[in-house]
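S.K.: Structure supplied as my_file_25.cif; contents: mmCIF, C-alpha atoms and all ligand atoms.
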data_start
#
loop_
_atom_site.label_atom_id
_atom_site.label_comp_id
_atom_site.auth_asym_id
_atom_site.auth_seq_id
_atom_site.Cartn_x
_atom_site.Cartn_y
_atom_site.Cartn_z
CA MET C 1 -6.53 -31.46 -6.43
CA ALA C 2 -2.95 -30.27 -7.00
CA ASP C 3 -0.98 -30.63 -3.78
CA PRO C 4 1.14 -27.55 -3.04
CA PHE C 5 3.32 -29.61 -0.73
CA ALA C 6 6.27 -31.49 -2.22
CA GLU C 7 6.08 -35.29 -2.05
CA GLY C 8 3.43 -35.56 0.63
CA GLY C 9 5.52 -33.81 3.32
CA LEU C 10 4.52 -30.46 4.75
CA GLY C 11 7.86 -28.80 3.92
CA GLU C 12 8.56 -25.78 6.08
CA LEU C 13 5.15 -26.13 7.79
CA GLU C 14 5.98 -29.56 9.22
CA SER C 15 4.69 -29.83 12.79
CA PRO C 16 2.23 -32.12 14.60
CA LEU C 17 -0.35 -29.35 15.01
CA TYR C 18 -0.25 -28.41 11.32
CA ARG C 19 -0.75 -32.06 10.39
CA GLU C 20 -3.82 -32.13 12.65
CA ALA C 21 -5.22 -28.85 11.31
CA LEU C 22 -4.78 -30.04 7.75
CA ALA C 23 -6.26 -33.47 8.41
CA GLN C 24 -9.25 -31.74 9.99
CA LEU C 25 -9.70 -29.44 6.99
CA ASP C 26 -9.32 -32.34 4.51
CA ARG C 27 -11.86 -34.47 6.38
CA VAL C 28 -14.46 -31.70 6.60
CA ALA C 29 -13.84 -30.57 3.00
CA ALA C 30 -14.68 -34.08 1.80
CA LEU C 31 -17.80 -34.28 3.98
CA MET C 32 -19.19 -30.91 2.89
CA GLY C 33 -18.19 -31.28 -0.76
CA LEU C 34 -15.96 -28.19 -0.67
CA ASP C 35 -14.90 -26.77 -4.04
CA ASP C 36 -11.50 -28.35 -4.93
CA ASN C 37 -9.77 -25.08 -5.83
CA ILE C 38 -10.92 -23.39 -2.63
CA HIS C 39 -9.89 -26.42 -0.61
CA ALA C 40 -6.37 -26.42 -2.10
CA ARG C 41 -6.02 -22.69 -1.41
CA LEU C 42 -7.14 -22.98 2.21
CA ARG C 43 -4.62 -25.75 2.95
CA VAL C 44 -1.73 -23.25 2.98
CA PRO C 45 -1.38 -19.88 4.68
CA GLN C 46 -1.31 -16.86 2.37
CA ARG C 47 1.56 -15.03 4.07
CA SER C 48 4.19 -16.20 6.52
CA THR C 49 6.89 -13.98 7.94
CA ILE C 50 9.89 -15.52 9.70
CA VAL C 51 12.48 -13.34 11.35
CA THR C 52 15.34 -13.81 13.76
CA PHE C 53 16.34 -10.96 15.98
CA PRO C 54 18.57 -10.27 18.97
CA PHE C 55 17.61 -8.83 22.31
CA ARG C 56 19.78 -7.85 25.24
CA ARG C 57 19.67 -10.00 28.37
CA GLU C 58 19.85 -8.42 31.79
CA GLY C 59 23.64 -8.00 32.03
CA TYR C 60 23.65 -5.81 28.87
CA PHE C 61 26.60 -7.67 27.28
CA GLU C 62 24.77 -10.95 26.70
CA VAL C 63 22.66 -10.89 23.53
CA GLU C 64 20.22 -13.67 22.70
CA THR C 65 18.88 -14.38 19.22
CA VAL C 66 15.40 -15.83 18.77
CA PHE C 67 13.14 -17.01 15.96
CA ALA C 68 9.82 -15.20 15.55
CA TYR C 69 6.82 -15.58 13.27
CA ARG C 70 3.61 -14.01 12.03
CA VAL C 71 1.38 -16.07 9.77
CA GLN C 72 -1.72 -14.76 7.97
CA HIS C 73 -3.88 -17.59 6.72
CA VAL C 74 -6.68 -15.91 4.74
CA LEU C 75 -6.63 -12.30 3.53
CA ALA C 76 -10.00 -12.37 1.77
CA MET C 77 -12.26 -11.60 4.73
CA GLY C 78 -10.82 -8.28 5.92
CA PRO C 79 -7.77 -7.66 8.09
CA THR C 80 -6.27 -10.72 9.73
CA LYS C 81 -6.63 -11.29 13.47
CA GLY C 82 -5.06 -13.50 16.08
CA GLY C 83 -2.83 -13.63 19.12
CA ILE C 84 0.92 -13.74 19.65
CA ARG C 85 2.39 -16.48 21.82
CA TYR C 86 5.71 -16.60 23.59
CA ALA C 87 6.69 -20.23 24.20
CA PRO C 88 9.89 -22.29 23.99
CA ASP C 89 8.55 -24.70 21.36
CA VAL C 90 6.87 -22.27 18.93
CA ASN C 91 7.60 -23.03 15.26
CA LEU C 92 6.26 -22.00 11.87
CA GLY C 93 3.96 -25.01 11.48
CA GLU C 94 2.36 -24.51 14.89
CA VAL C 95 1.78 -20.81 14.28
CA ALA C 96 0.35 -21.59 10.82
CA ALA C 97 -2.02 -24.20 12.28
CA LEU C 98 -3.22 -21.73 14.91
CA ALA C 99 -3.70 -19.08 12.20
CA MET C 100 -5.89 -21.54 10.27
CA LEU C 101 -7.96 -22.18 13.42
CA MET C 102 -8.40 -18.40 13.78
CA THR C 103 -9.84 -18.25 10.25
CA TRP C 104 -12.50 -20.82 11.10
CA LYS C 105 -13.16 -19.19 14.48
CA THR C 106 -13.66 -15.63 13.22
CA SER C 107 -15.76 -16.88 10.32
CA LEU C 108 -17.88 -19.04 12.58
CA VAL C 109 -18.92 -16.11 14.78
CA GLY C 110 -19.28 -13.78 11.78
CA LEU C 111 -16.40 -11.36 12.39
CA PRO C 112 -14.91 -9.41 9.44
CA PHE C 113 -11.45 -10.97 9.79
CA GLY C 114 -9.27 -13.73 8.39
CA GLY C 115 -7.06 -15.75 10.72
CA ALA C 116 -3.51 -14.96 11.83
CA LYS C 117 -1.15 -15.94 14.62
CA GLY C 118 2.28 -14.86 15.78
CA GLY C 119 4.90 -16.34 18.01
CA VAL C 120 8.36 -15.94 19.47
CA ARG C 121 10.34 -19.05 20.33
CA VAL C 122 11.37 -18.12 23.84
CA ASP C 123 10.50 -19.15 27.39
CA PRO C 124 8.93 -16.00 28.90
CA THR C 125 8.95 -17.48 32.42
CA VAL C 126 12.74 -17.15 32.65
CA LEU C 127 12.82 -13.56 31.36
CA THR C 128 12.69 -10.40 33.45
CA ARG C 129 10.13 -7.70 32.72
CA PRO C 130 12.70 -5.43 30.98
CA GLU C 131 13.86 -8.39 28.87
CA ILE C 132 10.27 -9.09 27.78
CA GLN C 133 9.82 -5.41 26.98
CA ARG C 134 12.94 -5.31 24.76
CA LEU C 135 11.97 -8.56 23.06
CA THR C 136 8.44 -7.29 22.41
CA ARG C 137 9.54 -3.94 21.03
CA ARG C 138 12.02 -5.58 18.66
CA TYR C 139 9.42 -8.12 17.52
CA THR C 140 7.06 -5.23 16.77
CA ALA C 141 9.74 -3.34 14.84
CA GLU C 142 10.50 -6.48 12.79
CA MET C 143 6.79 -6.84 11.97
CA ILE C 144 6.14 -3.14 11.42
CA ASN C 145 5.07 -3.62 7.78
CA VAL C 146 3.18 -6.82 8.53
CA ILE C 147 0.80 -5.63 11.26
CA GLY C 148 -1.51 -2.59 11.32
CA PRO C 149 -5.11 -1.64 12.13
CA ASP C 150 -6.18 -2.21 8.50
CA THR C 151 -4.02 -5.24 7.80
CA ASP C 152 -3.33 -7.52 10.76
CA ILE C 153 -4.26 -6.97 14.39
CA PRO C 154 -2.45 -9.03 17.07
CA ALA C 155 -3.79 -9.85 20.54
CA PRO C 156 -2.64 -11.83 23.58
CA ASP C 157 -2.19 -15.58 23.49
CA MET C 158 -0.17 -18.00 25.64
CA GLY C 159 2.74 -16.25 27.37
CA THR C 160 1.65 -12.71 26.46
CA ASN C 161 -0.68 -10.28 28.24
CA GLU C 162 -2.07 -6.75 28.41
CA GLN C 163 1.34 -5.27 29.19
CA VAL C 164 2.89 -6.91 26.12
CA MET C 165 0.05 -5.49 24.00
CA ALA C 166 0.71 -2.03 25.47
CA TRP C 167 4.39 -2.25 24.41
CA ILE C 168 3.39 -3.36 20.92
CA MET C 169 0.94 -0.46 20.64
CA ASP C 170 3.56 2.00 21.88
CA THR C 171 6.32 0.73 19.58
CA TYR C 172 4.02 0.74 16.55
CA SER C 173 2.79 4.25 17.41
CA GLN C 174 6.39 5.53 17.76
CA HIS C 175 7.18 4.16 14.29
CA VAL C 176 4.15 5.60 12.50
CA GLY C 177 4.38 8.92 14.32
CA HIS C 178 0.98 8.99 16.00
CA THR C 179 -0.92 7.00 18.61
CA GLU C 180 -2.56 4.02 16.96
CA PRO C 181 -4.60 2.00 19.50
CA GLY C 182 -6.29 -0.10 16.79
CA VAL C 183 -3.09 -2.01 15.97
CA VAL C 184 -3.58 -4.53 18.80
CA THR C 185 -6.41 -5.70 21.02
CA GLY C 186 -6.30 -6.95 24.58
CA LYS C 187 -4.63 -3.68 25.67
CA PRO C 188 -5.08 -2.11 29.10
CA PRO C 189 -8.32 -0.05 29.13
CA GLU C 190 -6.30 3.15 29.74
CA LEU C 191 -4.78 2.78 26.25
CA GLY C 192 -8.00 2.11 24.37
CA GLY C 193 -8.39 -1.48 25.52
CA SER C 194 -11.94 -2.71 25.91
CA VAL C 195 -13.42 -3.28 29.32
CA ALA C 196 -14.32 -6.94 29.76
CA ARG C 197 -11.71 -8.13 27.18
CA ARG C 198 -9.61 -9.84 29.87
CA GLU C 199 -12.53 -11.96 31.08
CA ALA C 200 -14.09 -12.42 27.63
CA THR C 201 -12.80 -15.87 26.63
CA GLY C 202 -13.71 -17.49 29.96
CA ARG C 203 -17.04 -15.70 30.22
CA GLY C 204 -17.98 -16.43 26.62
CA LEU C 205 -17.24 -20.11 27.13
CA VAL C 206 -19.26 -20.36 30.33
CA SER C 207 -22.18 -18.52 28.74
CA LEU C 208 -22.61 -21.59 26.48
CA LEU C 209 -22.67 -24.12 29.31
CA PRO C 210 -26.34 -23.83 30.36
CA ALA C 211 -27.52 -24.58 26.80
CA ALA C 212 -25.03 -27.44 26.48
CA ALA C 213 -26.12 -28.80 29.87
CA THR C 214 -29.78 -28.69 28.86
CA HIS C 215 -28.89 -30.49 25.64
CA VAL C 216 -27.33 -33.43 27.53
CA GLY C 217 -29.96 -33.38 30.31
CA LEU C 218 -27.89 -31.80 33.07
CA THR C 219 -28.55 -28.78 35.28
CA MET C 220 -25.86 -26.24 36.08
CA GLU C 221 -26.69 -26.40 39.84
CA ASP C 222 -25.74 -30.07 39.87
CA ALA C 223 -22.79 -29.82 37.50
CA ARG C 224 -19.30 -30.60 38.76
CA ILE C 225 -16.73 -28.69 36.75
CA VAL C 226 -12.99 -29.31 36.27
CA VAL C 227 -10.72 -26.71 34.67
CA HIS C 228 -7.26 -27.46 33.26
CA GLY C 229 -5.22 -24.25 33.36
CA PHE C 230 -5.52 -21.17 35.53
CA GLY C 231 -4.22 -18.52 33.14
CA ASN C 232 -6.32 -15.90 31.41
CA VAL C 233 -8.82 -18.40 30.02
CA GLY C 234 -9.04 -20.98 32.83
CA GLN C 235 -9.16 -18.44 35.63
CA TYR C 236 -12.06 -16.44 34.22
CA ALA C 237 -13.91 -19.54 33.06
CA ALA C 238 -13.68 -20.92 36.61
CA LEU C 239 -14.79 -17.58 38.03
CA ALA C 240 -17.75 -17.24 35.66
CA ALA C 241 -18.87 -20.81 36.43
CA HIS C 242 -18.48 -20.14 40.16
CA GLU C 243 -20.52 -16.93 39.88
CA MET C 244 -23.18 -18.86 37.99
CA GLY C 245 -23.54 -21.07 41.06
CA ALA C 246 -21.89 -24.15 39.55
CA ARG C 247 -19.45 -26.25 41.57
CA VAL C 248 -15.86 -25.99 40.30
CA VAL C 249 -14.29 -29.00 42.03
CA ALA C 250 -10.78 -28.87 40.55
CA VAL C 251 -8.44 -26.52 38.70
CA SER C 252 -4.76 -26.77 37.85
CA ASP C 253 -1.78 -24.83 36.58
CA VAL C 254 1.85 -25.71 35.82
CA SER C 255 2.44 -26.50 39.50
CA GLY C 256 -0.34 -29.14 39.58
CA GLY C 257 -4.00 -29.29 40.49
CA VAL C 258 -6.15 -28.53 43.54
CA TYR C 259 -9.37 -30.31 44.40
CA ASN C 260 -12.28 -29.79 46.76
CA ASP C 261 -15.37 -31.91 46.40
CA ALA C 262 -17.57 -29.21 47.96
CA GLY C 263 -16.42 -26.72 45.33
CA LEU C 264 -13.40 -24.39 45.26
CA ASP C 265 -13.62 -20.75 46.31
CA ILE C 266 -12.39 -19.31 42.98
CA PRO C 267 -11.91 -15.65 44.07
CA LYS C 268 -9.70 -16.95 46.92
CA LEU C 269 -7.67 -19.00 44.42
CA GLN C 270 -7.21 -15.92 42.27
CA GLU C 271 -5.96 -13.95 45.27
CA TRP C 272 -3.54 -16.76 46.16
CA VAL C 273 -2.15 -16.94 42.61
CA ALA C 274 -1.82 -13.14 42.39
CA GLU C 275 0.29 -13.24 45.57
CA ASN C 276 2.20 -16.48 45.13
CA GLY C 277 2.49 -16.92 41.38
CA THR C 278 1.03 -20.45 41.24
CA LEU C 279 -1.56 -22.64 42.97
CA ALA C 280 1.19 -24.52 44.86
CA GLY C 281 0.78 -24.43 48.65
CA LEU C 282 -2.88 -23.40 48.62
CA PRO C 283 -4.36 -24.39 52.01
CA GLU C 284 -7.48 -26.49 52.72
CA VAL C 285 -7.53 -28.39 49.41
CA ASP C 286 -6.45 -31.80 48.17
CA THR C 287 -3.91 -31.94 45.41
CA VAL C 288 -4.06 -33.86 42.13
CA THR C 289 -1.58 -34.10 39.27
CA ASN C 290 -2.36 -32.56 35.91
CA ASP C 291 -2.70 -36.10 34.49
CA GLU C 292 -5.19 -37.14 37.18
CA LEU C 293 -7.21 -33.99 36.62
CA PHE C 294 -8.49 -35.15 33.23
CA THR C 295 -9.98 -38.34 34.60
CA LEU C 296 -11.62 -36.89 37.72
CA ASP C 297 -15.29 -37.61 38.31
CA CYS C 298 -17.04 -34.54 36.85
CA ASP C 299 -19.75 -33.42 34.42
CA ILE C 300 -17.97 -30.65 32.56
CA LEU C 301 -14.27 -30.61 31.67
CA ILE C 302 -12.70 -27.36 30.46
CA PRO C 303 -9.20 -27.75 29.00
CA ALA C 304 -7.93 -24.17 29.08
CA ALA C 305 -4.16 -24.32 28.81
CA VAL C 306 -1.84 -25.85 26.19
CA GLY C 307 -2.86 -27.88 23.12
CA GLY C 308 -2.68 -31.66 22.65
CA VAL C 309 -3.70 -32.66 26.20
CA ILE C 310 -6.65 -34.95 25.42
CA THR C 311 -5.09 -37.88 23.62
CA VAL C 312 -5.57 -41.62 23.06
CA ASP C 313 -3.89 -42.07 26.45
CA ASN C 314 -6.67 -40.43 28.48
CA ALA C 315 -9.73 -40.10 26.19
CA ASP C 316 -11.16 -43.44 27.32
CA ASP C 317 -10.94 -42.47 30.99
CA ILE C 318 -12.59 -39.05 30.85
CA LYS C 319 -15.77 -39.07 32.97
CA ALA C 320 -17.18 -35.71 31.86
CA ARG C 321 -20.32 -35.55 29.72
CA ILE C 322 -19.41 -32.16 28.27
CA ILE C 323 -15.98 -30.93 27.16
CA ALA C 324 -15.74 -27.19 26.50
CA GLU C 325 -12.41 -26.36 24.85
CA GLY C 326 -10.98 -23.10 26.17
CA ALA C 327 -7.53 -23.92 24.78
CA ASN C 328 -6.72 -24.00 21.07
CA GLY C 329 -6.33 -27.56 19.79
CA PRO C 330 -6.52 -29.40 23.14
CA THR C 331 -7.88 -32.63 21.61
CA THR C 332 -5.97 -34.76 19.10
CA LEU C 333 -7.89 -36.13 16.11
CA GLN C 334 -7.65 -39.70 17.39
CA ALA C 335 -8.89 -38.69 20.82
CA ASP C 336 -11.74 -36.77 19.22
CA LYS C 337 -12.90 -39.98 17.55
CA ILE C 338 -12.96 -41.73 20.91
CA LEU C 339 -14.91 -38.88 22.53
CA ASN C 340 -17.48 -39.04 19.72
CA GLU C 341 -17.84 -42.81 20.07
CA ARG C 342 -18.32 -42.32 23.80
CA ASN C 343 -21.01 -39.72 23.07
CA ILE C 344 -19.27 -36.96 25.01
CA PHE C 345 -20.69 -33.61 23.94
CA THR C 346 -17.82 -31.37 22.81
CA ILE C 347 -17.99 -27.61 22.38
CA PRO C 348 -14.96 -27.27 20.09
CA ASP C 349 -12.23 -24.66 20.54
CA ILE C 350 -13.25 -22.50 17.57
CA LEU C 351 -16.67 -22.06 19.18
CA ALA C 352 -15.96 -22.35 22.91
CA ASN C 353 -13.08 -19.87 23.05
CA ALA C 354 -14.38 -17.44 20.41
CA GLY C 355 -15.43 -14.95 23.11
CA GLY C 356 -11.87 -13.60 23.26
CA VAL C 357 -11.62 -12.61 19.64
CA THR C 358 -15.24 -11.41 19.69
CA VAL C 359 -14.49 -8.81 22.36
CA SER C 360 -11.22 -8.11 20.51
CA TYR C 361 -13.41 -7.21 17.56
CA PHE C 362 -15.44 -4.88 19.80
CA GLU C 363 -12.18 -3.34 21.03
CA TRP C 364 -10.95 -2.73 17.47
CA VAL C 365 -14.27 -1.15 16.47
CA GLN C 366 -14.21 1.09 19.55
CA ASP C 367 -10.62 2.15 18.78
CA LEU C 368 -11.43 2.96 15.14
CA GLN C 369 -14.44 5.04 16.17
CA ASN C 370 -12.91 6.53 19.34
CA TYR C 371 -16.20 5.72 21.00
CA PHE C 372 -16.23 3.37 23.95
CA TRP C 373 -19.01 1.10 25.11
CA SER C 374 -20.13 0.20 28.63
CA GLU C 375 -19.33 -3.16 30.17
CA GLY C 376 -23.03 -4.03 30.12
CA GLU C 377 -23.25 -3.42 26.37
CA ILE C 378 -20.14 -5.49 25.69
CA VAL C 379 -21.21 -8.45 27.80
CA ALA C 380 -24.72 -8.42 26.29
CA ARG C 381 -23.37 -8.37 22.71
CA LEU C 382 -20.82 -11.06 23.56
CA ARG C 383 -23.55 -13.32 24.92
CA GLU C 384 -25.73 -12.68 21.90
CA ILE C 385 -23.00 -13.55 19.38
CA MET C 386 -21.84 -16.63 21.32
CA GLY C 387 -25.37 -17.87 21.91
CA ARG C 388 -26.34 -17.48 18.27
CA ALA C 389 -23.17 -19.25 17.05
CA PHE C 390 -23.81 -22.13 19.47
CA GLU C 391 -27.40 -22.49 18.33
CA GLU C 392 -26.43 -22.43 14.65
CA VAL C 393 -23.70 -25.02 15.15
CA LEU C 394 -26.05 -27.25 17.14
CA ASN C 395 -28.65 -26.94 14.36
CA ILE C 396 -26.12 -27.92 11.68
CA SER C 397 -24.99 -30.79 13.90
CA ILE C 398 -28.55 -32.08 14.27
CA SER C 399 -29.88 -31.39 10.77
CA GLU C 400 -26.78 -32.55 8.88
CA GLY C 401 -25.81 -35.35 11.27
CA TYR C 402 -22.36 -34.08 12.29
CA ASP C 403 -20.64 -34.00 15.68
CA MET C 404 -20.25 -30.48 17.10
CA ARG C 405 -16.63 -30.01 15.97
CA THR C 406 -17.42 -30.99 12.41
CA ALA C 407 -20.54 -28.79 12.43
CA ALA C 408 -18.52 -25.79 13.68
CA LEU C 409 -15.88 -26.33 11.01
CA VAL C 410 -18.51 -26.73 8.30
CA LYS C 411 -20.07 -23.43 9.31
CA GLY C 412 -16.71 -21.61 9.52
CA ILE C 413 -15.34 -23.02 6.26
CA ARG C 414 -18.60 -22.45 4.35
CA ARG C 415 -18.57 -18.69 4.88
CA VAL C 416 -14.89 -18.38 3.88
CA ALA C 417 -15.44 -20.56 0.80
CA LYS C 418 -18.43 -18.46 -0.32
CA ALA C 419 -16.49 -15.22 0.19
CA LYS C 420 -13.52 -16.52 -1.78
CA LEU C 421 -15.71 -17.82 -4.59
CA VAL C 422 -17.50 -14.50 -5.09
CA ARG C 423 -14.26 -12.52 -4.90
CA GLY C 424 -12.71 -14.77 -7.55
CA VAL C 425 -9.07 -15.15 -8.58
CA TYR C 426 -6.99 -12.07 -9.45
CA PRO C 427 -6.14 -11.42 -12.26
N1 LIG P 501 -5.44 -15.59 21.13
C1 LIG P 501 -6.87 -15.60 21.21
C2 LIG P 501 -7.44 -16.72 20.38
O1 LIG P 501 -6.78 -17.69 20.13
C3 LIG P 501 -7.47 -14.25 20.90
C4 LIG P 501 -7.23 -13.70 19.53
C5 LIG P 501 -7.70 -12.27 19.36
O2 LIG P 501 -8.32 -11.75 20.26
O3 LIG P 501 -7.43 -11.72 18.29
O4 LIG P 501 -8.59 -16.71 20.01
#
What is this structure when it is put down as structure tokens?
Ligand code: GLU
M.R.:
Amino acid sequence: MADPFAEGGLGELESPLYREALAQLDRVAALMGLDDNIHARLRVPQRSTIVTFPFRREGYFEVETVFAYRVQHVLAMGPTKGGIRYAPDVNLGEVAALAMLMTWKTSLVGLPFGGAKGGVRVDPTVLTRPEIQRLTRRYTAEMINVIGPDTDIPAPDMGTNEQVMAWIMDTYSQHVGHTEPGVVTGKPPELGGSVARREATGRGLVSLLPAAATHVGLTMEDARIVVHGFGNVGQYAALAAHEMGARVVAVSDVSGGVYNDAGLDIPKLQEWVAENGTLAGLPEVDTVTNDELFTLDCDILIPAAVGGVITVDNADDIKARIIAEGANGPTTLQADKILNERNIFTIPDILANAGGVTVSYFEWVQDLQNYFWSEGEIVARLREIMGRAFEEVLNISISEGYDMRTAALVKGIRRVAKAKLVRGVYP
């Protein structure tokens, strides 16, 4: 196979996460006997856009310049789809790796998209709301020919939210001269956003837990659950688990973790965070550090924040029997090996957190048709798609003898490979 990278390096895509994504693809390609030409093509993203742009800081006279990206991994499946993250360490390689993960994820659940991801290298926590608005509008203007309802549809990811999506939609609409809700998903419902999109990733993940619990011989009533992260994914995963009657014993955010052996009152935690910004200072709970959180005595661990948190340093000490990955790329390859050896049942990111992009797909369809569905319809279809994907991955895992992550990747990559083979090479 001809290597598009010069001398074994990854060139401009160099980053730890891209190395991991590539190693994962190479490993699975060998296992499944993937066509060499398709394999080589999938190792690199099809289109990457890098821009730098200025935005005004609060005092008007200070102007800051930032790097920003949008990477589209595979264009063969339909428009590309994936979130935009605002974080201080975003780089091209990381965005490209996340775009590749989106390709496998959308393929795995059968959505008509290829993978994409965007990012701005900035710390949104130190910016004011007007600063974030200016930054977002300029990012959108820079990407005006890159995104669009038929080409590439962004959504929220780490550091972005419904409001950011609303500004993207507005800026894009101003440029094209008419309102175009289908250009982004994860918008506020008033602008053509889908009901139940905000909760979708957490809810979708939790909808898989009963089947996973049955598989390992556990019941949800007895399960002790720990959630790392209390943002959009962690918060709604904790809430859905709580509503299901499971005991969420610990959750954490950037300020640290809170613990209650009898189970945390998740709606109360949400109220506290809405008022105080973080979990810090929450009464009537014990505190744990984010490091301690991973090794707490529990049955189900849900990493739902940043990537690269389950590593060789803590994989041996994890007590959970099930890990359901709400975050993208939370487990390093080496740690994954340890988890497999220890027989910990993993629902991998591209399956566990696919509920977000699934309801994003519903939102896009609703926007294109100007016909909106009820919450009941959306939740039922979400459950159906997630449940079927889980069952199919479990079947591949059992019948072909793979761990769940490998089985999910095999399923995702297979569909893309078939589509690319039948489309052929132009000209
Ligand atoms: N950022 C989310 C993800 O990683 C959602 C993407 C989307 O809805 O397009 O899956």
S.K.: Quick one: contact table of segment 152-228 of chain C to segment 65-79 of chain C, 10 Å max, nearest atom pair and distance in Å to one decimal per residue, counting only C-alpha atoms, chain and number order, as CSV?
M.R.:
residue,atom,partner,partner_atom,distance
C:Asp152,CA,C:Pro79,CA,5.2
C:Ile153,CA,C:Pro79,CA,7.2
C:Pro154,CA,C:Arg70,CA,9.3
S.K.: Which is closer to Thr185 of chain C than all the others in C:Pro88, C:Gly356, C:Pro348, C:Gly281, using all atoms listed in the file?
M.R.: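 Nearest candidate to Thr185 of chain C out of C:Pro88, C:Gly356, C:Pro348, C:Gly281: C:Gly356.
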S.K.: May I ask you to write as a short mmCIF file (atom, residue, chain, number, x, y, z; two decimals) with C-alpha atoms, in the frame of the given file all residues lying at most 9 Å from ligand LIG 501 (chain P), with all atoms listed in the file counted?
M.R.:
data_model
loop_
_atom_site.label_atom_id
_atom_site.label_comp_id
_atom_site.auth_asym_id
_atom_site.auth_seq_id
_atom_site.Cartn_x
_atom_site.Cartn_y
_atom_site.Cartn_z
CA THR C 80 -6.27 -10.72 9.73
CA LYS C 81 -6.63 -11.29 13.47
CA GLY C 82 -5.06 -13.50 16.08
CA GLY C 83 -2.83 -13.63 19.12
CA ILE C 84 0.92 -13.74 19.65
CA ARG C 85 2.39 -16.48 21.82
CA LEU C 98 -3.22 -21.73 14.91
CA ALA C 99 -3.70 -19.08 12.20
CA LEU C 101 -7.96 -22.18 13.42
CA MET C 102 -8.40 -18.40 13.78
CA LYS C 105 -13.16 -19.19 14.48
CA THR C 106 -13.66 -15.63 13.22
CA GLY C 115 -7.06 -15.75 10.72
CA ALA C 116 -3.51 -14.96 11.83
CA LYS C 117 -1.15 -15.94 14.62
CA ILE C 153 -4.26 -6.97 14.39
CA PRO C 154 -2.45 -9.03 17.07
CA ALA C 155 -3.79 -9.85 20.54
CA PRO C 156 -2.64 -11.83 23.58
CA ASP C 157 -2.19 -15.58 23.49
CA MET C 158 -0.17 -18.00 25.64
CA VAL C 184 -3.58 -4.53 18.80
CA THR C 185 -6.41 -5.70 21.02
CA GLY C 186 -6.30 -6.95 24.58
CA ARG C 197 -11.71 -8.13 27.18
CA THR C 201 -12.80 -15.87 26.63
CA ALA C 327 -7.53 -23.92 24.78
CA ASN C 328 -6.72 -24.00 21.07
CA ASP C 349 -12.23 -24.66 20.54
CA ILE C 350 -13.25 -22.50 17.57
CA ASN C 353 -13.08 -19.87 23.05
CA ALA C 354 -14.38 -17.44 20.41
CA GLY C 355 -15.43 -14.95 23.11
CA GLY C 356 -11.87 -13.60 23.26
CA VAL C 357 -11.62 -12.61 19.64
CA THR C 358 -15.24 -11.41 19.69
CA VAL C 359 -14.49 -8.81 22.36
CA SER C 360 -11.22 -8.11 20.51
CA TYR C 361 -13.41 -7.21 17.56
#
S.K.: So which residues touch Ala324 of chain C within 7 Å, counting all atoms listed in the file, skipping near sequence neighbours fewer than 5 positions away, as an mmCIF file with C-alpha atoms, in the frame of the given file?
M.R.:
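Below you can see around_2.cif, which holds the result:
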data_model
loop_
_atom_site.group_PDB
_atom_site.id
_atom_site.type_symbol
_atom_site.label_atom_id
_atom_site.label_comp_id
_atom_site.auth_asym_id
_atom_site.auth_seq_id
_atom_site.Cartn_x
_atom_site.Cartn_y
_atom_site.Cartn_z
ATOM 1 C CA LEU C 301 -14.270 -30.610 31.670
ATOM 2 C CA ILE C 302 -12.700 -27.360 30.460
ATOM 3 C CA THR C 346 -17.820 -31.370 22.810
ATOM 4 C CA ILE C 347 -17.990 -27.610 22.380
ATOM 5 C CA PRO C 348 -14.960 -27.270 20.090
ATOM 6 C CA ALA C 352 -15.960 -22.350 22.910
#
S.K.: Kindly indicate which residue among C:Glu94, C:Glu162, C:Asp150, C:Asp89 lies nearest to Leu13 of chain C, using only C-alpha atoms for the distances.
M.R.: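 For Leu13 of chain C, the nearest of the candidates is C:Glu94.
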S.K.: From the options C:Arg423, C:Lys411, C:Arg121, C:Arg19, which residue's atoms come nearest to Ala87 of chain C, counting only C-alpha atoms?
M.R.: C:Arg121
S.K.: In terms of the shortest atom-to-atom distance over only C-alpha atoms, which of C:Asp336, C:Met169, C:Val206, C:Met404 is closest to Glu391 of chain C?
M.R.: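 Among the listed residues, C:Met404 lies closest to Glu391 of chain C.
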S.K.: Could you tell me how far atom CA of Glu180 of chain C lies from atom CA of Tyr371 of chain C, in Å and to one decimal?
M.R.: 14.3 Å
S.K.: Between C:Ala304, C:Met220, C:Val254, C:Ile144, which has the minimum distance to Thr125 of chain C (counting all atoms listed in the file)?
M.R.: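 Under the stated criterion, the closest residue is C:Val254.
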S.K.: Between C:Asp222, C:Asp299, C:Glu384, C:Glu375, which has the minimum distance to Ile344 of chain C (counting all atoms listed in the file)?
M.R.: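 Distance minimum relative to Ile344 of chain C lands on C:Asp299.
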